Structures are given as C-alpha cells and as structure tokens.
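Working notes, beginning with the structure itself.
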Amino acid sequence: MNQISQLNEHNKQEYPPMHTCEHIVNRTMINLFGCGRAVSAHIEKKKSKLDYALPQPLSDEDITKLEETVNSVIAQHLDVTVEYITQKEAVGRFDMKRLPENASDTVRIVKVGDYDECLCIGLHVNNTSEIGTFKIISHDYNEGILRIRFKLV
C-alpha cells in the first residue's frame, strides 16, 4: 500500500524565479559573510527585500561580490529538486526554529543543485536558467540589520 505524506498547507503564492533566487542569496550570504539565512524576507515578482543580522555593514565591494556570486550560481543552470524527509531526519541538518509548531512530521527540502538546501514549502523554478539576472537595487544597514532590495531582469 502506498503511503501519501501529509504536508502543511501553504498560504502564499511566491513568484518562483524570485523565491529560488532568495535561496541562492541566502546561501551566498552564509558562504561570503558567515551570517545566517535572512531573518526577514519580503519576496514579490517586481522587487524583493531580505534582511540579514550582521555585526557590521557590508562595503560596496562586498555588495558587488554578492551580486556577482549570485549571478554566477544562476548561470550554472542548476536543477532545483525536492526531497521529503521526516522532522527527525531534519534535526541537526536544518534550522528547525522556523518550522511551525503544528508542522507535519514530513518536511520538504528544496535543493538548488549542490549549492543550497533548506526546509521550504514554497514554489520554485525547475532550473536556475529560469531566474534571469539578479540586480541589487539598494542596501542599507541599521542597528545590526543589513537590508538588501533586489529585482530580477
């Protein structure tokens, strides 16, 4: 008998290219600047913003490096895949703090090639070739939070 996994309802409709780009930006921020994933995100089709907890602001050179690195990852045409595992299997592998209290036992992992993987129930592209070019519109730093505003062109 086939077992069907029961997942939580998802209440948002993200724009898949922007949402997959968010995952790439998060991993790039971790890799380049040693911070965690975004502490706050507002992802929309036209433009989006991400907030990161950092001990100091990034330089203009850092912002350029971020943009260049994200675009180099997008240009690799990485497949975006999904894996389902139990919460027990996810512990120690993923940050479980954002998981809702009533989350199903089965969780969904979204992988962007070998570059990033995280817990996610949102919509994504099938391949990074569908994203376009990542462009940082502006950024500012206030009381330990770096805000990046960006669009896809």
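Convention: chains lettered A, B, ... in structure tokens order; per-chain residue numbering from 1; ligands numbered from 1 as shown.
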* Asked: If we count only C-alpha atoms, what is near stretch 54-61 of chain A at a cut-off of 12 Å, once residues fewer than 4 positions away on the same chain are taken out, given as a count of residues only?
  -> 26
* To do: Report as a VMD selection string: the residues of stretch 38-115 of chain A with a DSSP assignment of strand (DSSP E), based on the backbone of this structure.
  => chain A and resid 40 to 42 48 to 53 80 to 86 106 to 112
Those residues with C-alpha atoms, as a short mmCIF file (atom, residue, chain, number, x, y, z; two decimals), in the first residue's frame please?
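So the final result, stored in out15.cif, reads:
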```
data_model
loop_
_atom_site.label_atom_id
_atom_site.label_comp_id
_atom_site.auth_asym_id
_atom_site.auth_seq_id
_atom_site.Cartn_x
_atom_site.Cartn_y
_atom_site.Cartn_z
CA SER A 40 13.09 38.60 7.38
CA ALA A 41 12.03 38.29 3.74
CA HIS A 42 9.52 40.03 1.51
CA SER A 48 12.07 41.89 -3.10
CA LYS A 49 13.94 42.57 0.10
CA LEU A 50 15.92 40.43 2.53
CA ASP A 51 17.20 41.34 5.99
CA TYR A 52 20.35 39.79 7.49
CA ALA A 53 21.74 40.05 11.01
CA VAL A 80 16.10 22.68 -8.42
CA THR A 81 14.85 19.49 -6.78
CA VAL A 82 12.70 18.46 -3.85
CA GLU A 83 13.21 15.79 -1.20
CA TYR A 84 10.85 14.70 1.57
CA ILE A 85 12.20 13.58 4.94
CA THR A 86 10.91 13.29 8.49
CA THR A 106 7.14 15.04 6.84
CA VAL A 107 9.11 18.10 5.78
CA ARG A 108 10.07 19.28 2.31
CA ILE A 109 13.66 20.09 1.38
CA VAL A 110 14.32 22.30 -1.67
CA LYS A 111 17.77 21.86 -3.21
CA VAL A 112 19.41 24.24 -5.68
#
```
* To do: In Å, rounded to a single decimal, give me how far atom CA of A:Val73 is from atom CA of A:Ser129.
  => 9.8 Å
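Among the candidates A:Leu152, A:Ile74, A:Ala90, A:Met18, the residue lying nearest to A:Thr128 is A:Ile74 (atoms considered: only C-alpha atoms).
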* Using only C-alpha atoms, pick whichever of A:Glu22, A:Glu130, A:Glu44, A:Asp116 has the shortest atom-to-atom distance to A:Phe94. => A:Asp116
* To do: Give me every helix (DSSP H, G or I) residue in stretch 10-147 of chain A, going by DSSP on the backbone, as number ranges by chain.
  => A: 16-33, 60-74, 87-90, 128-130
